[in-house]
file upload_5.cif (mmCIF, C-alpha atoms)
data_data
loop_
_atom_site.label_atom_id
_atom_site.label_comp_id
_atom_site.auth_asym_id
_atom_site.auth_seq_id
_atom_site.Cartn_x
_atom_site.Cartn_y
_atom_site.Cartn_z
CA MET X 1 66.03 198.67 -3.03
CA ARG X 2 66.09 200.45 0.35
CA ALA X 3 62.74 200.40 2.11
CA SER X 4 62.05 204.09 2.49
CA PRO X 5 59.18 203.85 5.03
CA CYS X 6 61.47 202.37 7.66
CA CYS X 7 64.26 204.87 7.35
CA LEU X 8 63.74 208.49 8.28
CA ALA X 9 66.31 211.22 7.91
CA ASP X 10 67.10 212.67 11.34
CA GLY X 11 70.19 214.75 10.88
CA MET X 12 73.01 212.26 10.56
CA GLN X 13 71.19 209.63 12.62
CA ARG X 14 69.49 206.70 10.98
CA THR X 15 66.23 205.92 12.71
CA TYR X 16 63.74 203.12 12.09
CA THR X 17 60.16 202.66 13.09
CA VAL X 18 59.19 199.34 14.61
CA LYS X 19 55.69 198.36 15.60
CA ALA X 20 54.36 196.15 18.33
CA ILE X 21 53.42 192.70 17.01
CA GLY X 22 52.08 191.74 20.43
CA THR X 23 52.04 192.51 24.12
CA VAL X 24 53.46 190.86 27.23
CA SER X 25 50.73 189.94 29.69
CA CYS X 26 51.67 188.66 33.13
CA SER X 27 51.10 189.22 36.81
CA ARG X 28 54.32 191.11 37.55
CA SER X 29 53.63 194.82 37.25
CA GLU X 30 56.88 196.30 38.59
CA PRO X 31 60.44 195.61 37.47
CA VAL X 32 62.42 193.66 40.01
CA ASP X 33 65.66 191.95 39.23
CA ASP X 34 65.23 188.34 40.26
CA ASP X 35 63.21 185.14 40.40
CA TRP X 36 61.81 185.35 36.87
CA ASP X 37 61.30 181.62 36.38
CA SER X 38 58.41 181.79 38.80
CA GLU X 39 56.49 183.70 36.12
CA THR X 40 54.33 182.20 33.43
CA THR X 41 53.79 184.85 30.82
CA GLU X 42 51.33 185.16 27.96
CA ILE X 43 52.23 186.98 24.79
CA LEU X 44 49.15 188.24 23.01
CA LEU X 45 49.80 188.72 19.30
CA ASP X 46 48.22 191.65 17.48
CA ALA X 47 45.83 190.40 14.78
CA ALA X 48 46.03 193.80 13.07
CA VAL X 49 49.72 193.23 12.34
CA LEU X 50 50.10 189.46 11.95
CA GLY X 51 48.17 186.86 10.03
CA ALA X 52 46.25 184.10 11.79
CA ASN X 53 49.03 181.59 11.06
CA ALA X 54 52.02 183.67 12.12
CA SER X 55 52.65 181.43 15.12
CA SER X 56 51.99 178.10 13.38
CA GLY X 57 54.80 175.62 13.90
CA LEU X 58 56.16 177.47 16.91
CA ALA X 59 54.99 174.73 19.25
CA ASP X 60 57.50 172.38 17.59
CA PHE X 61 60.25 174.38 19.26
CA SER X 62 61.03 174.06 22.96
CA HIS X 63 62.29 177.67 23.20
CA ILE X 64 61.70 181.02 21.58
CA GLU X 65 63.55 184.30 21.74
CA VAL X 66 61.28 187.21 22.55
CA ILE X 67 62.44 190.66 21.48
CA TYR X 68 60.61 193.45 23.22
CA VAL X 69 60.85 197.09 24.23
CA PHE X 70 61.41 198.27 27.81
CA ASP X 71 58.85 200.98 27.17
CA ARG X 72 58.76 202.25 30.75
CA VAL X 73 62.39 203.35 30.71
CA ASP X 74 62.52 207.11 30.40
CA ASP X 75 64.90 208.82 28.00
CA ASP X 76 66.89 210.38 30.81
CA ALA X 77 67.45 206.97 32.41
CA ILE X 78 69.20 205.56 29.37
CA VAL X 79 72.91 204.87 29.79
CA SER X 80 74.91 205.26 26.60
CA ASP X 81 78.38 204.87 28.07
CA ALA X 82 79.48 202.78 31.09
CA ARG X 83 78.27 202.04 34.62
CA ARG X 84 78.40 199.31 37.25
CA PRO X 85 75.78 196.61 36.55
CA ARG X 86 72.80 197.27 38.84
CA GLY X 87 74.94 199.98 40.47
CA ASN X 88 76.57 197.23 42.53
CA PRO X 89 79.94 198.43 43.93
CA ASP X 90 81.23 194.84 43.92
CA TRP X 91 81.10 194.74 40.13
CA PRO X 92 83.28 196.66 37.69
CA VAL X 93 82.30 199.65 35.60
CA VAL X 94 81.59 198.21 32.15
CA GLY X 95 80.08 199.55 28.97
CA ILE X 96 76.33 199.37 28.51
CA LEU X 97 76.86 197.06 25.51
CA ALA X 98 78.63 194.60 27.84
CA GLN X 99 75.51 194.44 30.04
CA ARG X 100 71.96 193.27 29.47
CA GLY X 101 70.14 195.78 31.70
CA LYS X 102 67.07 197.64 30.51
CA ASN X 103 68.44 201.21 30.65
CA ARG X 104 70.16 200.88 27.29
CA PRO X 105 70.07 202.67 23.95
CA ASN X 106 66.88 201.65 22.13
CA ARG X 107 65.59 199.88 25.29
CA ILE X 108 65.50 196.50 23.55
CA GLY X 109 65.21 193.28 25.54
CA ALA X 110 65.92 189.87 24.05
CA THR X 111 65.23 186.82 26.15
CA ILE X 112 65.20 183.11 25.41
CA CYS X 113 62.31 181.46 27.18
CA GLU X 114 60.57 178.12 27.27
CA VAL X 115 57.44 177.51 25.21
CA VAL X 116 54.51 176.28 27.30
CA THR X 117 51.62 176.49 24.81
CA VAL X 118 50.95 178.11 21.44
CA ASN X 119 47.36 178.74 20.52
CA GLY X 120 46.99 181.10 17.58
CA GLY X 121 47.44 184.60 18.95
CA SER X 122 48.32 183.41 22.45
CA ILE X 123 51.82 182.19 23.25
CA VAL X 124 52.46 181.15 26.84
CA VAL X 125 56.08 180.99 27.96
CA LYS X 126 58.11 180.44 31.09
CA GLY X 127 61.14 182.55 32.00
CA LEU X 128 60.39 185.78 30.17
CA ASP X 129 61.93 188.57 32.25
CA ALA X 130 59.38 191.20 31.30
CA ILE X 131 56.72 192.86 33.41
CA ASP X 132 53.12 193.24 32.29
CA GLY X 133 52.60 195.48 29.29
CA PRO X 134 55.71 195.84 27.12
CA PRO X 135 55.35 195.65 23.35
CA VAL X 136 56.84 192.61 21.68
CA ILE X 137 58.57 193.52 18.40
CA ASP X 138 59.76 190.09 17.29
CA ILE X 139 59.62 186.42 18.20
CA LYS X 140 62.14 183.94 16.81
CA PRO X 141 62.43 180.20 17.30
CA VAL X 142 65.57 179.04 19.10
CA MET X 143 67.42 176.79 16.67
CA SER X 144 70.35 174.85 18.03
CA GLY X 145 72.34 176.01 15.02
CA PHE X 146 72.06 179.62 16.18
CA LEU X 147 73.37 178.97 19.69
CA PRO X 148 77.09 179.49 20.45
CA ARG X 149 79.25 177.05 18.54
CA THR X 150 82.32 177.49 20.74
CA ASP X 151 82.69 177.58 24.53
CA VAL X 152 81.03 180.52 26.25
CA VAL X 153 83.43 182.59 28.34
CA GLU X 154 82.22 185.42 30.57
CA PRO X 155 83.56 187.52 33.45
CA THR X 156 82.85 186.58 37.07
CA TRP X 157 80.32 189.37 37.62
CA ALA X 158 78.19 188.04 34.75
CA LYS X 159 77.80 184.74 36.59
CA GLU X 160 77.16 186.42 39.94
CA ILE X 161 74.45 188.70 38.54
CA MET X 162 72.48 185.67 37.36
CA GLU X 163 72.53 183.92 40.71
CA GLY X 164 68.94 184.58 41.82
CA TYR X 165 67.66 185.63 38.41
CA TRP X 166 65.65 182.57 37.45
CA MET T 1 56.53 207.05 33.62
CA ARG T 2 56.03 206.08 29.99
CA ALA T 3 58.68 207.52 27.74
CA SER T 4 56.63 209.56 25.34
CA PRO T 5 59.36 210.21 22.72
CA CYS T 6 59.54 206.53 21.86
CA CYS T 7 55.87 205.91 21.49
CA LEU T 8 53.91 207.52 18.68
CA ALA T 9 50.20 207.22 18.19
CA ASP T 10 49.50 205.58 14.84
CA GLY T 11 45.86 204.59 14.88
CA MET T 12 45.68 201.62 17.20
CA GLN T 13 49.25 200.55 16.43
CA ARG T 14 52.02 201.20 18.88
CA THR T 15 55.16 202.21 17.08
CA TYR T 16 58.63 202.92 18.43
CA THR T 17 61.60 204.70 16.98
CA VAL T 18 64.96 203.00 17.22
CA LYS T 19 68.21 204.47 16.06
CA ALA T 20 71.33 202.91 14.66
CA ILE T 21 74.05 202.59 17.29
CA GLY T 22 76.47 201.28 14.69
CA THR T 23 76.88 199.74 11.26
CA VAL T 24 77.88 196.34 9.96
CA SER T 25 80.95 196.51 7.76
CA CYS T 26 82.09 193.43 5.86
CA SER T 27 82.98 192.17 2.43
CA ARG T 28 79.70 190.43 1.62
CA SER T 29 77.47 192.86 -0.23
CA GLU T 30 74.60 190.59 -1.32
CA PRO T 31 72.44 188.34 0.83
CA VAL T 32 73.12 184.67 0.31
CA ASP T 33 71.96 182.00 2.65
CA ASP T 34 75.04 180.03 3.60
CA ASP T 35 78.66 179.83 4.66
CA TRP T 36 78.57 182.76 7.09
CA ASP T 37 81.41 181.57 9.33
CA SER T 38 83.82 182.42 6.54
CA GLU T 39 83.09 186.09 7.22
CA THR T 40 84.91 188.32 9.67
CA THR T 41 82.76 191.33 10.26
CA GLU T 42 83.48 194.71 11.81
CA ILE T 43 80.80 196.61 13.67
CA LEU T 44 81.53 200.31 13.69
CA LEU T 45 79.83 202.03 16.63
CA ASP T 46 78.37 205.50 16.17
CA ALA T 47 80.16 207.98 18.44
CA ALA T 48 77.22 210.37 18.10
CA VAL T 49 74.98 207.88 19.91
CA LEU T 50 77.28 206.01 22.29
CA GLY T 51 79.92 207.13 24.77
CA ALA T 52 83.56 206.23 24.29
CA ASN T 53 83.31 203.45 26.91
CA ALA T 54 80.11 201.80 25.69
CA SER T 55 82.02 198.71 24.57
CA SER T 56 84.37 198.48 27.56
CA GLY T 57 84.36 195.04 29.14
CA LEU T 58 82.91 193.40 26.05
CA ALA T 59 86.20 191.68 25.30
CA ASP T 60 85.75 189.65 28.50
CA PHE T 61 82.92 187.80 26.78
CA SER T 62 83.55 185.16 24.14
CA HIS T 63 80.24 185.89 22.36
CA ILE T 64 77.87 188.76 21.77
CA GLU T 65 74.38 188.96 20.36
CA VAL T 66 74.06 191.53 17.62
CA ILE T 67 70.60 192.94 16.97
CA TYR T 68 70.29 194.66 13.62
CA VAL T 69 67.82 195.70 10.95
CA PHE T 70 67.49 194.00 7.55
CA ASP T 71 67.14 197.44 6.01
CA ARG T 72 67.20 196.24 2.41
CA VAL T 73 63.99 194.24 2.78
CA ASP T 74 61.17 196.12 1.07
CA ASP T 75 57.79 196.52 2.74
CA ASP T 76 56.07 194.40 0.12
CA ALA T 77 58.50 191.53 0.75
CA ILE T 78 57.56 191.22 4.42
CA VAL T 79 55.68 188.05 5.35
CA SER T 80 53.28 188.50 8.25
CA ASP T 81 51.59 185.12 8.12
CA ALA T 82 53.09 181.75 7.04
CA ARG T 83 55.30 180.41 4.25
CA ARG T 84 57.78 177.62 3.57
CA PRO T 85 61.25 178.54 4.91
CA ARG T 86 63.34 179.73 1.95
CA GLY T 87 60.40 178.68 -0.24
CA ASN T 88 61.76 175.14 -0.09
CA PRO T 89 59.02 172.62 -1.04
CA ASP T 90 60.69 170.00 1.17
CA TRP T 91 59.90 172.03 4.29
CA PRO T 92 56.49 172.68 5.83
CA VAL T 93 54.52 175.90 5.71
CA VAL T 94 55.17 177.52 9.09
CA GLY T 95 54.44 180.90 10.61
CA ILE T 96 56.96 183.69 10.13
CA LEU T 97 57.48 183.77 13.91
CA ALA T 98 58.61 180.13 13.75
CA GLN T 99 61.33 181.09 11.26
CA ARG T 100 64.40 183.31 11.46
CA GLY T 101 64.41 184.63 7.88
CA LYS T 102 64.84 188.31 7.10
CA ASN T 103 61.44 188.99 5.45
CA ARG T 104 59.70 189.38 8.78
CA PRO T 105 57.68 192.05 10.55
CA ASN T 106 60.07 194.77 11.79
CA ARG T 107 62.96 193.17 9.81
CA ILE T 108 64.96 192.51 12.97
CA GLY T 109 67.91 190.13 12.96
CA ALA T 110 69.46 188.77 16.16
CA THR T 111 72.61 186.69 15.88
CA ILE T 112 75.02 185.30 18.42
CA CYS T 113 78.56 185.62 17.13
CA GLU T 114 82.08 185.20 18.38
CA VAL T 115 84.08 188.18 19.60
CA VAL T 116 87.42 188.54 17.81
CA THR T 117 88.57 191.98 19.01
CA VAL T 118 87.04 194.98 20.73
CA ASN T 119 88.77 198.30 20.26
CA GLY T 120 86.61 201.24 21.32
CA GLY T 121 84.21 201.89 18.49
CA SER T 122 85.33 198.86 16.48
CA ILE T 123 84.06 195.40 17.34
CA VAL T 124 85.27 192.56 15.13
CA VAL T 125 83.24 189.37 15.19
CA LYS T 126 83.05 186.03 13.44
CA GLY T 127 79.79 184.43 12.35
CA LEU T 128 77.56 187.46 11.94
CA ASP T 129 75.08 186.64 9.18
CA ALA T 130 74.71 190.20 7.93
CA ILE T 131 75.82 191.76 4.68
CA ASP T 132 77.67 195.06 4.48
CA GLY T 133 75.72 198.09 5.63
CA PRO T 134 72.84 197.21 7.98
CA PRO T 135 72.26 199.34 11.07
CA VAL T 136 72.99 197.72 14.40
CA ILE T 137 70.39 198.65 17.02
CA ASP T 138 71.74 196.74 20.02
CA ILE T 139 74.63 194.60 21.18
CA LYS T 140 74.35 192.37 24.22
CA PRO T 141 76.89 190.10 25.87
CA VAL T 142 76.07 186.40 25.80
CA MET T 143 75.82 185.27 29.41
CA SER T 144 75.56 181.57 30.06
CA GLY T 145 72.67 182.32 32.40
CA PHE T 146 70.62 183.63 29.47
CA LEU T 147 71.07 180.55 27.28
CA PRO T 148 68.42 177.79 27.32
CA ARG T 149 68.22 176.10 30.71
CA THR T 150 66.40 173.02 29.43
CA ASP T 151 67.05 170.81 26.39
CA VAL T 152 66.52 172.48 23.04
CA VAL T 153 63.97 170.70 20.84
CA GLU T 154 63.34 171.76 17.24
CA PRO T 155 61.70 170.31 14.13
CA THR T 156 63.73 168.47 11.51
CA TRP T 157 63.59 171.31 8.97
CA ALA T 158 65.23 173.66 11.47
CA LYS T 159 68.27 171.38 11.60
CA GLU T 160 68.34 170.89 7.84
CA ILE T 161 68.20 174.62 7.10
CA MET T 162 71.34 175.17 9.18
CA GLU T 163 73.35 172.53 7.35
CA GLY T 164 75.58 174.79 5.24
CA TYR T 165 74.86 177.97 7.13
CA TRP T 166 78.11 178.41 9.03
#

call {"tool": "encode", "arguments": {"input": "upload_5.cif", "output": "structure tokens"}}
result
Amino acid sequence: MRASPCCLADGMQRTYTVKAIGTVSCSRSEPVDDDWDSETTEILLDAAVLGANASSGLADFSHIEVIYVFDRVDDDAIVSDARRPRGNPDWPVVGILAQRGKNRPNRIGATICEVVTVNGGSIVVKGLDAIDGPPVIDIKPVMSGFLPRTDVVEPTWAKEIMEGYW
Amino acid sequence: MRASPCCLADGMQRTYTVKAIGTVSCSRSEPVDDDWDSETTEILLDAAVLGANASSGLADFSHIEVIYVFDRVDDDAIVSDARRPRGNPDWPVVGILAQRGKNRPNRIGATICEVVTVNGGSIVVKGLDAIDGPPVIDIKPVMSGFLPRTDVVEPTWAKEIMEGYW
């Protein structure tokens, strides 16, 4: 039953190969931390990987979650333990899994953004916090049933870090 | 600047290697579609990949998003175009990117679930729709600032499909 092509022996580590299904295309070429809602971003789907109807029905959703790879983060910049978010001395040292920054194991970003238009292999969104170029590895519709079903609680720093973000 | 170890030439395709940072451990061994909130699930982090403090601070969040791989989905079961969700004739044919089902390109699941306890390499959650065994490739805290900032709109089938899910 296990899909052998996706799982390669690498000592004791389990590794998986994922492929780009599309590419982020936008005007922001360098990573900066804030003001992402000013960006309108196009995701160009890869017709070699997806069928022509892979995005059909997506326009019936107001939001999608875009899963992508921070492919410009070098191996030696990855944090696998703890650090202060953005290196800010006002915020506590917390584990990388308690942060959403890009310098993380597997470099995966996952952002909910607003659908502007869907036109076959072109999906235009607002509020995707990705620069120009990263590979998109999945797109999912935001269903209300998959959002938190109980009150969201978070530490103070997690609110402060979002203050100029959008 | 590009991190060469993550990006392998494969014809025109861009592929990336991701590694398991942990494993889902729970009592449900076969995929069924509904009643996931009855499950309490433990995520066991891999100490060979993450530092001892990678999960520190996570208990200050009520919810996390778990990104994992549906590693039991065979290559030939992957849908890269369109289909009816769950094959249900009552629902429309929609693109795989407009659905959240497991038979998708790259087999990536992303689920927001409730934090029960965090204890170093053990994270216990409620509402993770994964069976026993899948590799976890990322964990992110749910920050209110990353949830939808405008009203969520979705088609009728997307509400109906969630009716017994949790």

call {"tool": "resolve_selection", "arguments": {"input": "upload_5.cif", "expression": "the PyMOL selection byres ((chain X and resi 19) around 8)", "output": "PyMOL selection string"}}
result
(chain X and resi 17-18+20-21+137) or (chain T and resi 13-16+106)

call {"tool": "closest_residue", "arguments": {"input": "upload_5.cif", "among": "T:Glu42, T:Tyr68, T:Ser62, T:Asp37", "to": "Ile108 of chain X", "atoms": "only C-alpha atoms"}}
result
T:Tyr68

call {"tool": "closest_residue", "arguments": {"input": "upload_5.cif", "among": "T:Pro89, T:Val94, T:Val79, T:Ile123", "to": "Thr41 of chain T", "atoms": "all atoms listed in the file"}}
result
T:Ile123

call {"tool": "calpha_fit_and_write", "arguments": {"input": "upload_5.cif", "fixed": "chain X", "moving": "chain T", "output": "JSON list (two decimals) with C-alpha atoms, in the coordinates of the input"}}
result
[["chain", "number", "residue", "atom", "x", "y", "z"],
["T", 1, "MET", "CA", 66.03, 198.60, -2.97],
["T", 2, "ARG", "CA", 66.14, 200.39, 0.37],
["T", 3, "ALA", "CA", 62.80, 200.40, 2.11],
["T", 4, "SER", "CA", 62.14, 204.08, 2.48],
["T", 5, "PRO", "CA", 59.21, 203.85, 4.96],
["T", 6, "CYS", "CA", 61.46, 202.40, 7.63],
["T", 7, "CYS", "CA", 64.25, 204.88, 7.34],
["T", 8, "LEU", "CA", 63.73, 208.50, 8.30],
["T", 9, "ALA", "CA", 66.29, 211.22, 7.93],
["T", 10, "ASP", "CA", 67.08, 212.68, 11.35],
["T", 11, "GLY", "CA", 70.21, 214.74, 10.93],
["T", 12, "MET", "CA", 72.99, 212.22, 10.55],
["T", 13, "GLN", "CA", 71.17, 209.60, 12.63],
["T", 14, "ARG", "CA", 69.48, 206.68, 10.98],
["T", 15, "THR", "CA", 66.23, 205.91, 12.70],
["T", 16, "TYR", "CA", 63.75, 203.10, 12.09],
["T", 17, "THR", "CA", 60.16, 202.63, 13.08],
["T", 18, "VAL", "CA", 59.18, 199.33, 14.61],
["T", 19, "LYS", "CA", 55.69, 198.36, 15.59],
["T", 20, "ALA", "CA", 54.36, 196.15, 18.33],
["T", 21, "ILE", "CA", 53.42, 192.71, 17.03],
["T", 22, "GLY", "CA", 52.08, 191.74, 20.43],
["T", 23, "THR", "CA", 52.04, 192.51, 24.14],
["T", 24, "VAL", "CA", 53.44, 190.85, 27.23],
["T", 25, "SER", "CA", 50.73, 189.93, 29.69],
["T", 26, "CYS", "CA", 51.66, 188.64, 33.14],
["T", 27, "SER", "CA", 51.10, 189.21, 36.81],
["T", 28, "ARG", "CA", 54.31, 191.10, 37.57],
["T", 29, "SER", "CA", 53.63, 194.81, 37.25],
["T", 30, "GLU", "CA", 56.86, 196.30, 38.61],
["T", 31, "PRO", "CA", 60.42, 195.61, 37.50],
["T", 32, "VAL", "CA", 62.42, 193.64, 40.02],
["T", 33, "ASP", "CA", 65.65, 191.94, 39.22],
["T", 34, "ASP", "CA", 65.21, 188.33, 40.25],
["T", 35, "ASP", "CA", 63.21, 185.14, 40.39],
["T", 36, "TRP", "CA", 61.81, 185.34, 36.85],
["T", 37, "ASP", "CA", 61.31, 181.60, 36.36],
["T", 38, "SER", "CA", 58.41, 181.77, 38.79],
["T", 39, "GLU", "CA", 56.49, 183.70, 36.13],
["T", 40, "THR", "CA", 54.32, 182.21, 33.42],
["T", 41, "THR", "CA", 53.78, 184.86, 30.82],
["T", 42, "GLU", "CA", 51.31, 185.16, 27.97],
["T", 43, "ILE", "CA", 52.23, 186.99, 24.79],
["T", 44, "LEU", "CA", 49.14, 188.24, 23.02],
["T", 45, "LEU", "CA", 49.80, 188.72, 19.30],
["T", 46, "ASP", "CA", 48.22, 191.66, 17.49],
["T", 47, "ALA", "CA", 45.85, 190.40, 14.79],
["T", 48, "ALA", "CA", 46.04, 193.80, 13.08],
["T", 49, "VAL", "CA", 49.74, 193.23, 12.35],
["T", 50, "LEU", "CA", 50.11, 189.46, 11.97],
["T", 51, "GLY", "CA", 48.18, 186.85, 10.02],
["T", 52, "ALA", "CA", 46.26, 184.11, 11.79],
["T", 53, "ASN", "CA", 49.04, 181.57, 11.05],
["T", 54, "ALA", "CA", 52.03, 183.67, 12.11],
["T", 55, "SER", "CA", 52.65, 181.42, 15.12],
["T", 56, "SER", "CA", 51.98, 178.09, 13.39],
["T", 57, "GLY", "CA", 54.80, 175.62, 13.90],
["T", 58, "LEU", "CA", 56.15, 177.47, 16.91],
["T", 59, "ALA", "CA", 54.98, 174.72, 19.24],
["T", 60, "ASP", "CA", 57.50, 172.38, 17.59],
["T", 61, "PHE", "CA", 60.26, 174.38, 19.26],
["T", 62, "SER", "CA", 61.04, 174.06, 22.95],
["T", 63, "HIS", "CA", 62.29, 177.67, 23.19],
["T", 64, "ILE", "CA", 61.71, 181.02, 21.58],
["T", 65, "GLU", "CA", 63.54, 184.31, 21.75],
["T", 66, "VAL", "CA", 61.27, 187.21, 22.56],
["T", 67, "ILE", "CA", 62.42, 190.66, 21.49],
["T", 68, "TYR", "CA", 60.59, 193.46, 23.24],
["T", 69, "VAL", "CA", 60.84, 197.09, 24.25],
["T", 70, "PHE", "CA", 61.41, 198.29, 27.83],
["T", 71, "ASP", "CA", 58.84, 201.00, 27.20],
["T", 72, "ARG", "CA", 58.75, 202.27, 30.77],
["T", 73, "VAL", "CA", 62.39, 203.37, 30.72],
["T", 74, "ASP", "CA", 62.52, 207.15, 30.43],
["T", 75, "ASP", "CA", 64.91, 208.84, 28.01],
["T", 76, "ASP", "CA", 66.90, 210.40, 30.83],
["T", 77, "ALA", "CA", 67.45, 206.98, 32.43],
["T", 78, "ILE", "CA", 69.21, 205.57, 29.37],
["T", 79, "VAL", "CA", 72.92, 204.88, 29.80],
["T", 80, "SER", "CA", 74.92, 205.26, 26.61],
["T", 81, "ASP", "CA", 78.39, 204.89, 28.06],
["T", 82, "ALA", "CA", 79.49, 202.78, 31.08],
["T", 83, "ARG", "CA", 78.27, 202.05, 34.61],
["T", 84, "ARG", "CA", 78.41, 199.32, 37.24],
["T", 85, "PRO", "CA", 75.78, 196.62, 36.53],
["T", 86, "ARG", "CA", 72.81, 197.28, 38.84],
["T", 87, "GLY", "CA", 74.97, 199.98, 40.44],
["T", 88, "ASN", "CA", 76.59, 197.25, 42.51],
["T", 89, "PRO", "CA", 79.95, 198.46, 43.92],
["T", 90, "ASP", "CA", 81.23, 194.87, 43.91],
["T", 91, "TRP", "CA", 81.10, 194.76, 40.11],
["T", 92, "PRO", "CA", 83.30, 196.66, 37.67],
["T", 93, "VAL", "CA", 82.32, 199.66, 35.59],
["T", 94, "VAL", "CA", 81.59, 198.21, 32.15],
["T", 95, "GLY", "CA", 80.08, 199.55, 28.96],
["T", 96, "ILE", "CA", 76.32, 199.38, 28.51],
["T", 97, "LEU", "CA", 76.85, 197.07, 25.52],
["T", 98, "ALA", "CA", 78.62, 194.61, 27.84],
["T", 99, "GLN", "CA", 75.51, 194.46, 30.04],
["T", 100, "ARG", "CA", 71.96, 193.27, 29.48],
["T", 101, "GLY", "CA", 70.13, 195.77, 31.71],
["T", 102, "LYS", "CA", 67.06, 197.65, 30.52],
["T", 103, "ASN", "CA", 68.44, 201.23, 30.66],
["T", 104, "ARG", "CA", 70.16, 200.90, 27.31],
["T", 105, "PRO", "CA", 70.07, 202.67, 23.97],
["T", 106, "ASN", "CA", 66.87, 201.65, 22.13],
["T", 107, "ARG", "CA", 65.58, 199.89, 25.30],
["T", 108, "ILE", "CA", 65.49, 196.51, 23.57],
["T", 109, "GLY", "CA", 65.20, 193.30, 25.56],
["T", 110, "ALA", "CA", 65.91, 189.88, 24.05],
["T", 111, "THR", "CA", 65.21, 186.81, 26.15],
["T", 112, "ILE", "CA", 65.21, 183.12, 25.41],
["T", 113, "CYS", "CA", 62.30, 181.46, 27.17],
["T", 114, "GLU", "CA", 60.56, 178.13, 27.25],
["T", 115, "VAL", "CA", 57.44, 177.52, 25.19],
["T", 116, "VAL", "CA", 54.51, 176.28, 27.29],
["T", 117, "THR", "CA", 51.63, 176.50, 24.80],
["T", 118, "VAL", "CA", 50.97, 178.12, 21.45],
["T", 119, "ASN", "CA", 47.36, 178.74, 20.52],
["T", 120, "GLY", "CA", 47.00, 181.12, 17.58],
["T", 121, "GLY", "CA", 47.44, 184.60, 18.95],
["T", 122, "SER", "CA", 48.32, 183.41, 22.45],
["T", 123, "ILE", "CA", 51.82, 182.19, 23.25],
["T", 124, "VAL", "CA", 52.46, 181.13, 26.84],
["T", 125, "VAL", "CA", 56.07, 180.99, 27.95],
["T", 126, "LYS", "CA", 58.10, 180.43, 31.08],
["T", 127, "GLY", "CA", 61.13, 182.53, 32.00],
["T", 128, "LEU", "CA", 60.39, 185.77, 30.19],
["T", 129, "ASP", "CA", 61.93, 188.56, 32.25],
["T", 130, "ALA", "CA", 59.36, 191.19, 31.31],
["T", 131, "ILE", "CA", 56.72, 192.86, 33.42],
["T", 132, "ASP", "CA", 53.12, 193.26, 32.31],
["T", 133, "GLY", "CA", 52.57, 195.48, 29.30],
["T", 134, "PRO", "CA", 55.70, 195.85, 27.13],
["T", 135, "PRO", "CA", 55.35, 195.66, 23.35],
["T", 136, "VAL", "CA", 56.83, 192.62, 21.67],
["T", 137, "ILE", "CA", 58.56, 193.53, 18.40],
["T", 138, "ASP", "CA", 59.75, 190.08, 17.30],
["T", 139, "ILE", "CA", 59.62, 186.42, 18.19],
["T", 140, "LYS", "CA", 62.13, 183.95, 16.81],
["T", 141, "PRO", "CA", 62.44, 180.20, 17.29],
["T", 142, "VAL", "CA", 65.57, 179.04, 19.08],
["T", 143, "MET", "CA", 67.43, 176.78, 16.67],
["T", 144, "SER", "CA", 70.36, 174.84, 18.02],
["T", 145, "GLY", "CA", 72.34, 176.00, 15.00],
["T", 146, "PHE", "CA", 72.06, 179.61, 16.19],
["T", 147, "LEU", "CA", 73.38, 178.96, 19.70],
["T", 148, "PRO", "CA", 77.10, 179.47, 20.45],
["T", 149, "ARG", "CA", 79.26, 177.02, 18.53],
["T", 150, "THR", "CA", 82.32, 177.49, 20.73],
["T", 151, "ASP", "CA", 82.68, 177.57, 24.53],
["T", 152, "VAL", "CA", 81.03, 180.50, 26.25],
["T", 153, "VAL", "CA", 83.44, 182.59, 28.34],
["T", 154, "GLU", "CA", 82.22, 185.43, 30.56],
["T", 155, "PRO", "CA", 83.55, 187.51, 33.45],
["T", 156, "THR", "CA", 82.84, 186.57, 37.05],
["T", 157, "TRP", "CA", 80.31, 189.37, 37.59],
["T", 158, "ALA", "CA", 78.19, 188.04, 34.74],
["T", 159, "LYS", "CA", 77.79, 184.74, 36.58],
["T", 160, "GLU", "CA", 77.16, 186.42, 39.92],
["T", 161, "ILE", "CA", 74.45, 188.70, 38.53],
["T", 162, "MET", "CA", 72.48, 185.67, 37.33],
["T", 163, "GLU", "CA", 72.54, 183.95, 40.70],
["T", 164, "GLY", "CA", 68.94, 184.57, 41.79],
["T", 165, "TYR", "CA", 67.66, 185.62, 38.41],
["T", 166, "TRP", "CA", 65.66, 182.55, 37.44]]

call {"tool": "residues_around", "arguments": {"input": "upload_5.cif", "residues": "segment 150-153 of chain X", "least_positions_apart": "5", "cutoff": "12 Å", "atoms": "all atoms listed in the file", "output": "number ranges by chain"}}
result
X: 145, 158-159; T: 58-64, 112-115, 126-127, 141-147

call {"tool": "atom_distance", "arguments": {"input": "upload_5.cif", "atom1": "atom CA of Ile161 of chain T", "atom2": "atom CA of Gly95 of chain T"}}
result
15.5 Å

call {"tool": "closest_residue", "arguments": {"input": "upload_5.cif", "among": "X:Gly109, X:Pro148, X:Gly120, X:Gly22", "to": "Asp71 of chain X", "atoms": "all atoms listed in the file"}}
result
X:Gly109

call {"tool": "resolve_selection", "arguments": {"input": "upload_5.cif", "expression": "the PyMOL selection byres ((chain X and resi 43) around 6)", "output": "ChimeraX atom specification"}}
result
/X:23-25,42,44,122-123

call {"tool": "closest_residue", "arguments": {"input": "upload_5.cif", "among": "T:Arg86, T:Val66, T:Trp91, T:Lys140", "to": "chain X", "atoms": "all atoms listed in the file"}}
result
T:Lys140
